Structures are given as C-alpha cells and as structure tokens.
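Since the structure comes first, as structure tokens, the remarks are kept for the end.
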Amino acid sequence: MITTPRFTIIEDGAINKLKDVLKKLNLKNPLVVTGKHTKKYCKFPYDIEYYDKILSQTIKKQDYIQYDCIVGVGGGRSIDTGKYLAYKLGVPFISVPTTASNDGIASPIVSIKQPSFMVEAPIAIIADTEIIKKSPKRLLSAGMGDIVSNITAVLDWKLAYKEKGERYSESSAIFSKTIAKELISYVLNSDLSEYTNKLVKALVGSGIAIAIANSSRPASGSEHLFSHALDLLKEKYNLNVNSLHGEQCGVGTIMMSYLHEKENKKLSGLSTKIKESLKKVNAPTTSKELGFDEDIIIEALTIAHKIRNRWTILRDGLNREEAKKLAEETGVI
C-alpha cells in the first residue's frame with residue numbers, strides 16, 4: 001500500500017528541523033544520500049554517501065544494516081537514489097530537496113531509469129525554501145513544466161477511462177488538476193515574488209496526488225511520453241542536448257493540450273494559457289529553446305505513443321504529417 005508523507009515542512013531554514021523530524025518519527029540512525037555539489041548542505045552528525053557510488057554497486061542489505069532510514073539531500077538524482085535505496089532496504093525515506101524541478105521530491109516514483117516504478121512515498125518532506133531559492137533559475141523554470149503537465153495528464157486519464165474503461169479517481173484527478181491551475185493562475189497574475197514557495201507546494205501536492213492514486217496517472221500522460229521519446233532520441237542519435245525533464249514536459253503539454261482543445265471546445269485557449277505561463281517563468285516553449293532540431297521534435301511525436309502501454313490523446317499515434325502540423329500550429333517549430 002502506498003502511503004503519504006506524515007510530515008511536510010516547507011519554509012526558510014527547514015533543513016535545520018531534520019533532527020526534530022527524526023525524533024518524532026523515532027528514527028535514530030539515518031544514512032544521508034547526496035551529491036558532491038549538495039554535500040555542503042549536509043551539516044548533520046550522520047553518515048553520508050554519494051548517490052553515484054550507490055548506483056555503481058549492487059545494494060546488499062548487510063552493508064546498510066545499521067541504518068533505520070534514508071535521507072535524500074539534493075536534486076533529482078539524490079532524491080531518486082535515496083528513495084530507491086530505502087525501498088531496497090525496506091526502511092523509511094525522508095526527502096530534503098535543494099531545488100524544485102519535478103514532483104519526484106514527494107512522489108512514490110523512482111525514475112533512475114525508464115520505465116520508472118512505484119515505491120513508498122517519502123515519510124517526510126523537508127523543503128528549505130531558503131536553499132531552493134538559490135538553486136539555478138533554470139531548474140525552477142523546469143518545475144513549472146512538470147506542474148503544467150498535470151493538466152494534460154488528467155485529461156488523458158479521463159480519456160482512458162471513457163474509451164478504455166481504465167480505473168479512474170475523480171478526487172485524485174481534481175486535486176492534481178487544481179494544483180496546476182492554481183499555479184498557472186498565480187504565475188500569470190502576479191509579480192512572481194512568491195514563485196518558489198508556490199512551486200514547491202505545488203510539486204509536493206502533485207507527488208501526494210500520485211501517492212493517493214497509487215498511480216502516476218494524475219501527473220503523467222502524453223506530455224511525459226513525448227519527453228521520454230526525446231530522451232530516447234538523445235541516446236539514439238547521441239545528441240548533445242541538455243534539456244531537462246520538466247522543460248520537455250512543458251513543451252509537450254503545450255502540444256497535447258492543443259490536441260485536447262481540438263476535441264473539446266470547452267478547453268479553448270488552454271494551450272495558449274499554458275504557453276504564456278511557461279514563458280512568464282522563462283521556461284522553453286519551442287524546439288529551438290529546448291535545443292532540438294525540428295525533425296527530432298516531429299520524430300518524438302510519432303513514437304511517443306509506443307513508449308509505454310498508456311492510452312492518451314495520442315491514441316494509436318501520429319504520423320509524420322500530423323506531428324509536423326501539430327508542432328507548427330502550436331509554435332513549437
């Protein structure tokens with residue numbers, strides 16, 4: 001059974017409350033998993049191990065028997081590796097993100113490699129906004145891309161329910177969609193002075209929505225398939241492109257929301273609103289801004305539906321002509 005966090009602390013200086021959270025959870029001997037660039041934040045009297053070392057070896061329970069929990073401090077790799085290690089050891093995981101680029105900081109999903117898989121959600125999330133505010137602006141922009149994708153993810157989920165009879169949770173869908181809509185509204189109608197705090201709360205909420213649904217459906221649909229397709233093509237063609245997951249999902253959301261608009265007039269203007277919100281936080285909205293040639297975007301659109309067995313607005317796939325037209329009409333190419 002997937003659980004949701006027992007403690008969520010989102011505030012300046014939150015990292016200093018780790019000791020108190022451990023005490024409340026009756027956890028006494030944590031192992032901190034971090035990266036070389038984020039070790040500076042680990043001013044704790046606990047053992048520390050780098051995530052790349054963990055990923056380079058076979059995990060044996062006897063090597064970690066003295067630890068009663070894992071604390072991940074850092075970005076996506078640190079959090080995911082810590083989550084994975086906790087899963088392998090059968091101990092609780094505490095998430096301490098130092099940036100906010102995706103909802104993995106709170107979700108029960110591990111995305112070290114594809115396909116991603118479900119584990120236990122963090123038992124606690126300690127998000128120090130003082131630290132997160134100082135992280136690269138690009139990462140915070142990518143976080144917006146991951147949040148807006150909830151819109152198309154939920155639309156795809158409902159479509160799968162209607163057309164394929166897939167299990168669907170209205171409450172999880174509404175929760176996830178509301179999180180995205182509220183952040184979009186804030187971004188479009190404010191000076192962004194509270195953007196970091198709002199983003200972190202949205203990402204945590206998105207991760208919790210996944211945990212409640214026991215599925216990635218509330219936050220991952222056709223736009224994520226597009227992003228994963230881009231990742232495959234990066235590897236296939238050995239492309240020197242350093243686009244981020246959230247950036248790719250944001251561009252994917254522009255196109256997938258446009259496809260939904262064409263089938264539902266009530267959604268008119270949705271893709272434009274999503275694009276404007278991404279622009280407001282300086283997130284990419286075009287292939288050029290992502291760093292891809294137009295042909296790669298088109299190819300990704302034609303193979304996205306094959307990435308995993310998930311019914312979305314892409315259905316049985318787009319041909320090259322349809323993909324090119326979609327990218328052109330949304331201004332992605």
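Each chain of the structure tokens is named A, B, ... in the order shown, its residues numbered from 1; ligands are numbered from 1 in display order.
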Open item on the list: Need the shell around Tyr50 (chain A): protein/DNA/RNA residues with any atom at most 12 Å away, counting only C-alpha atoms. Skip same-chain ones fewer than 3 positions apart. Format as a list of chain:residue names?
Closed with: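 Near neighbours after the sequence-gap exclusion: A:Leu31, A:Val32, A:Val33, A:Thr34, A:Gly35, A:Lys36, A:His37, A:Thr38, A:Lys39, A:Cys42, A:Asp47, A:Lys53, A:Ile54, A:Leu55, A:Ser56, A:Gln57, A:Val71, A:Gly72, A:Val73, A:Gly74, A:Arg77, A:Ser78, A:Ile79, A:Thr81, A:Gly82, A:Leu85.
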TODO: Would you please give, as a ChimeraX atom specification, all residues of region 52-300 of chain A that DSSP assigns to alpha helix (DSSP H) based on the backbone?
DONE: /A:52-55,76-89,129-132,137-164,170-188,195-213,222-236,245-263,270-280,287-290,294-300
Open item on the list: Restricting the calculation to only C-alpha atoms: of A:Val251, A:Val154, A:Leu267, A:Leu326, which residue gets closest to Phe292 (chain A)?
Closed with: A:Val251
TODO: Could you give me, as an NGL selection string, the residues within 10 Å of Gly252 (chain A), counting only C-alpha atoms and dropping anything in the same chain fewer than 2 positions from it?
DONE: :A and (145 or 148-149 or 152 or 221-227 or 246-250 or 254-258 or 285-286 or 297 or 301 or 327 or 332)
With N, CA, C and O atoms retained, export the selected residues as an mmCIF file, in the first residue's frame.
```cif
data_model
loop_
_atom_site.group_PDB
_atom_site.id
_atom_site.type_symbol
_atom_site.label_atom_id
_atom_site.label_comp_id
_atom_site.auth_asym_id
_atom_site.auth_seq_id
_atom_site.Cartn_x
_atom_site.Cartn_y
_atom_site.Cartn_z
ATOM 1 N N GLY A 145 7.204 23.405 -15.761
ATOM 2 C CA GLY A 145 6.863 22.488 -16.843
ATOM 3 C C GLY A 145 6.308 21.177 -16.322
ATOM 4 O O GLY A 145 5.376 20.605 -16.904
ATOM 5 N N VAL A 148 2.561 22.013 -15.002
ATOM 6 C CA VAL A 148 1.510 22.222 -16.012
ATOM 7 C C VAL A 148 1.133 20.906 -16.685
ATOM 8 O O VAL A 148 0.018 20.748 -17.185
ATOM 9 N N SER A 149 2.045 19.943 -16.678
ATOM 10 C CA SER A 149 1.748 18.651 -17.308
ATOM 11 C C SER A 149 0.619 17.907 -16.603
ATOM 12 O O SER A 149 0.005 17.003 -17.169
ATOM 13 N N THR A 152 -2.734 18.039 -18.776
ATOM 14 C CA THR A 152 -2.943 17.063 -19.847
ATOM 15 C C THR A 152 -2.941 15.640 -19.306
ATOM 16 O O THR A 152 -3.624 14.761 -19.846
ATOM 17 N N GLY A 221 1.107 11.947 -18.484
ATOM 18 C CA GLY A 221 0.299 11.499 -19.615
ATOM 19 C C GLY A 221 1.082 11.605 -20.906
ATOM 20 O O GLY A 221 2.281 11.318 -20.958
ATOM 21 N N SER A 222 0.402 12.036 -21.947
ATOM 22 C CA SER A 222 1.013 12.126 -23.277
ATOM 23 C C SER A 222 2.225 13.041 -23.309
ATOM 24 O O SER A 222 3.183 12.810 -24.052
ATOM 25 N N GLU A 223 2.201 14.096 -22.495
ATOM 26 C CA GLU A 223 3.333 15.027 -22.457
ATOM 27 C C GLU A 223 4.592 14.360 -21.901
ATOM 28 O O GLU A 223 5.707 14.645 -22.331
ATOM 29 N N HIS A 224 4.410 13.450 -20.956
ATOM 30 C CA HIS A 224 5.550 12.703 -20.426
ATOM 31 C C HIS A 224 6.042 11.676 -21.448
ATOM 32 O O HIS A 224 7.243 11.426 -21.545
ATOM 33 N N LEU A 225 5.123 11.089 -22.196
ATOM 34 C CA LEU A 225 5.520 10.148 -23.246
ATOM 35 C C LEU A 225 6.387 10.868 -24.279
ATOM 36 O O LEU A 225 7.385 10.330 -24.766
ATOM 37 N N PHE A 226 6.002 12.087 -24.612
ATOM 38 C CA PHE A 226 6.776 12.912 -25.533
ATOM 39 C C PHE A 226 8.168 13.176 -24.959
ATOM 40 O O PHE A 226 9.181 13.063 -25.667
ATOM 41 N N SER A 227 8.238 13.528 -23.679
ATOM 42 C CA SER A 227 9.521 13.800 -23.038
ATOM 43 C C SER A 227 10.411 12.557 -23.051
ATOM 44 O O SER A 227 11.610 12.637 -23.346
ATOM 45 N N GLY A 246 11.535 18.492 -16.936
ATOM 46 C CA GLY A 246 10.418 19.424 -16.789
ATOM 47 C C GLY A 246 10.265 20.348 -17.978
ATOM 48 O O GLY A 246 9.144 20.693 -18.371
ATOM 49 N N GLU A 247 11.385 20.754 -18.575
ATOM 50 C CA GLU A 247 11.336 21.601 -19.767
ATOM 51 C C GLU A 247 10.662 20.867 -20.917
ATOM 52 O O GLU A 247 9.819 21.423 -21.626
ATOM 53 N N GLN A 248 11.046 19.618 -21.105
ATOM 54 C CA GLN A 248 10.468 18.807 -22.183
ATOM 55 C C GLN A 248 8.980 18.560 -21.958
ATOM 56 O O GLN A 248 8.179 18.627 -22.891
ATOM 57 N N CYS A 249 8.620 18.296 -20.714
ATOM 58 C CA CYS A 249 7.204 18.060 -20.389
ATOM 59 C C CYS A 249 6.377 19.322 -20.625
ATOM 60 O O CYS A 249 5.229 19.240 -21.074
ATOM 61 N N GLY A 250 6.960 20.478 -20.320
ATOM 62 C CA GLY A 250 6.248 21.734 -20.543
ATOM 63 C C GLY A 250 5.915 21.943 -22.002
ATOM 64 O O GLY A 250 4.778 22.278 -22.360
ATOM 65 N N ILE A 254 2.088 21.885 -24.022
ATOM 66 C CA ILE A 254 1.534 22.861 -24.972
ATOM 67 C C ILE A 254 0.866 22.122 -26.136
ATOM 68 O O ILE A 254 -0.272 22.417 -26.513
ATOM 69 N N MET A 255 1.575 21.141 -26.680
ATOM 70 C CA MET A 255 1.049 20.419 -27.845
ATOM 71 C C MET A 255 -0.097 19.474 -27.499
ATOM 72 O O MET A 255 -1.098 19.411 -28.221
ATOM 73 N N MET A 256 0.028 18.767 -26.395
ATOM 74 C CA MET A 256 -1.024 17.808 -26.031
ATOM 75 C C MET A 256 -2.311 18.507 -25.598
ATOM 76 O O MET A 256 -3.414 18.031 -25.868
ATOM 77 N N SER A 257 -2.181 19.657 -24.945
ATOM 78 C CA SER A 257 -3.393 20.408 -24.564
ATOM 79 C C SER A 257 -4.088 20.935 -25.815
ATOM 80 O O SER A 257 -5.324 21.026 -25.867
ATOM 81 N N TYR A 258 -3.316 21.261 -26.839
ATOM 82 C CA TYR A 258 -3.884 21.721 -28.111
ATOM 83 C C TYR A 258 -4.686 20.596 -28.768
ATOM 84 O O TYR A 258 -5.780 20.834 -29.312
ATOM 85 N N THR A 285 9.498 27.076 -24.713
ATOM 86 C CA THR A 285 8.200 26.787 -25.343
ATOM 87 C C THR A 285 8.371 26.389 -26.811
ATOM 88 O O THR A 285 7.383 26.147 -27.489
ATOM 89 N N THR A 286 9.599 26.316 -27.282
ATOM 90 C CA THR A 286 9.863 25.959 -28.678
ATOM 91 C C THR A 286 10.978 24.923 -28.760
ATOM 92 O O THR A 286 11.742 24.725 -27.804
ATOM 93 N N ILE A 297 11.822 16.803 -32.866
ATOM 94 C CA ILE A 297 10.512 17.032 -32.242
ATOM 95 C C ILE A 297 9.444 16.227 -32.972
ATOM 96 O O ILE A 297 8.608 15.546 -32.345
ATOM 97 N N LEU A 301 7.220 12.978 -31.546
ATOM 98 C CA LEU A 301 5.753 12.946 -31.547
ATOM 99 C C LEU A 301 5.217 11.676 -32.197
ATOM 100 O O LEU A 301 4.172 11.160 -31.802
ATOM 101 N N ALA A 327 3.094 20.514 -34.260
ATOM 102 C CA ALA A 327 4.205 21.332 -33.775
ATOM 103 C C ALA A 327 4.186 22.726 -34.377
ATOM 104 O O ALA A 327 4.514 23.709 -33.703
ATOM 105 N N VAL A 332 5.678 25.363 -31.681
ATOM 106 C CA VAL A 332 6.840 24.653 -31.129
ATOM 107 C C VAL A 332 7.966 24.589 -32.166
ATOM 108 O O VAL A 332 9.137 24.662 -31.828
#
```
Would you write out, as CSV, a table of all residues in region 265-304 of chain A that have an atom no more than 9 Å from an atom of region 178-199 of chain A, listing for each the closest atom pair and the distance in Å to one decimal, considering only C-alpha atoms and ordering rows by chain and rising residue number?
```
residue,atom,partner,partner_atom,distance
A:Lys273,CA,A:Ile184,CA,8.0
A:Ile274,CA,A:Ile184,CA,7.2
A:Glu276,CA,A:Leu188,CA,7.4
A:Ser277,CA,A:Leu188,CA,5.7
A:Leu278,CA,A:Ile184,CA,8.6
A:Lys280,CA,A:Val187,CA,6.9
A:Val281,CA,A:Val187,CA,7.6
```
Open item on the list: Give me the residues near Asn214 (chain A) as a VMD selection string, where near means some atom within 10 Å (using only C-alpha atoms) and where sequence neighbours in that chain fewer than 6 positions away do not count.
Closed with: chain A and resid 1 to 3 107 to 109 118 to 121 172 208
Open item on the list: So that I can check the surroundings of region 161-170 of chain A, please list as a ChimeraX atom specification every protein, DNA and RNA residue that reaches within 10 Å of it, counting only C-alpha atoms and ignoring chain neighbours fewer than 6 positions away.
Closed with: /A:154-155,176,212-213,215,217-218,310-312,315
- [ ] Find the spatial neighbours of region 87-92 of chain A, counting only C-alpha atoms, within a cut-off of 7 Å - ignore same-chain residues fewer than 2 positions away - and output them as a list in words.
- [x]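 So, after excluding close chain neighbours, the residues are Lys61, Asp68, Cys69, Ile70, Lys83, Tyr84, Leu85, Ile94, Val119, Glu120, Pro122 and Ile123 of chain A.
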Open item on the list: Just want the 9 Å neighbourhood of Pro97 (chain A), counted on only C-alpha atoms, with same-chain residues fewer than 2 positions away dropped. Output as JSON, numbers by chain.
Closed with: {"A": [72, 73, 74, 75, 76, 78, 79, 95, 99, 100, 105, 125, 126, 127, 128, 131, 132]}
Those selected residues, please, written with N, CA, C and O atoms and delivered as a compact mmCIF listing (two decimals), in the first residue's frame.
```txt
# COMPACT_ATOMS: atom_id res chain seq x y z
N GLY A 72 17.45 11.70 1.67
CA GLY A 72 17.99 12.18 0.40
C GLY A 72 18.09 13.70 0.42
O GLY A 72 17.08 14.37 0.62
N VAL A 73 19.31 14.22 0.23
CA VAL A 73 19.52 15.67 0.23
C VAL A 73 20.09 16.08 -1.12
O VAL A 73 21.19 15.66 -1.49
N GLY A 74 19.33 16.88 -1.88
CA GLY A 74 19.85 17.33 -3.17
C GLY A 74 18.79 17.44 -4.23
O GLY A 74 17.61 17.69 -3.94
N GLY A 75 19.21 17.24 -5.48
CA GLY A 75 18.29 17.31 -6.61
C GLY A 75 17.71 15.95 -6.95
O GLY A 75 17.68 15.05 -6.11
N GLY A 76 17.28 15.81 -8.20
CA GLY A 76 16.57 14.60 -8.61
C GLY A 76 17.33 13.31 -8.40
O GLY A 76 16.76 12.31 -7.94
N SER A 78 19.82 12.60 -6.28
CA SER A 78 19.97 12.29 -4.85
C SER A 78 18.66 11.77 -4.27
O SER A 78 18.64 10.77 -3.53
N ILE A 79 17.57 12.45 -4.60
CA ILE A 79 16.26 12.06 -4.08
C ILE A 79 15.85 10.69 -4.61
O ILE A 79 15.42 9.81 -3.85
N SER A 95 12.72 13.02 2.32
CA SER A 95 13.13 13.84 1.18
C SER A 95 13.50 15.25 1.62
O SER A 95 12.70 15.94 2.23
N THR A 99 16.40 21.78 -4.65
CA THR A 99 15.82 22.52 -5.77
C THR A 99 14.42 21.98 -6.01
O THR A 99 13.99 21.05 -5.33
N ALA A 100 13.72 22.56 -6.99
CA ALA A 100 12.33 22.16 -7.22
C ALA A 100 12.07 22.08 -8.72
O ALA A 100 11.43 22.94 -9.30
N ILE A 105 10.23 14.96 -5.68
CA ILE A 105 10.58 15.29 -4.30
C ILE A 105 9.56 14.75 -3.30
O ILE A 105 9.88 14.59 -2.12
N ILE A 125 8.85 15.22 4.16
CA ILE A 125 9.46 16.11 3.17
C ILE A 125 9.86 17.38 3.89
O ILE A 125 9.03 18.04 4.52
N ILE A 126 11.13 17.72 3.78
CA ILE A 126 11.65 18.92 4.42
C ILE A 126 12.23 19.80 3.31
O ILE A 126 13.34 19.57 2.83
N ALA A 127 11.46 20.78 2.90
CA ALA A 127 11.87 21.64 1.78
C ALA A 127 12.29 23.00 2.31
O ALA A 127 11.45 23.80 2.74
N ASP A 128 13.58 23.26 2.28
CA ASP A 128 14.13 24.53 2.77
C ASP A 128 14.09 25.54 1.63
O ASP A 128 14.94 25.52 0.73
N ILE A 131 17.22 27.60 0.70
CA ILE A 131 18.19 26.92 -0.16
C ILE A 131 17.67 26.81 -1.59
O ILE A 131 18.38 27.08 -2.55
N ILE A 132 16.40 26.43 -1.72
CA ILE A 132 15.81 26.21 -3.05
C ILE A 132 15.80 27.50 -3.88
O ILE A 132 16.04 27.46 -5.09
```
Find the nearest atom pair between each residue of region 31-145 of chain A and region 302-308 of chain A for residues within 12 Å, count only C-alpha atoms, give distances in Å to one decimal, sort rows by chain and ascending number, and present the table as a tab-separated table.
```
residue	atom	partner	partner_atom	distance
A:Gln114	CA	A:Ile307	CA	9.6
A:Pro115	CA	A:Arg308	CA	8.1
A:Ser116	CA	A:Arg308	CA	10.5
```
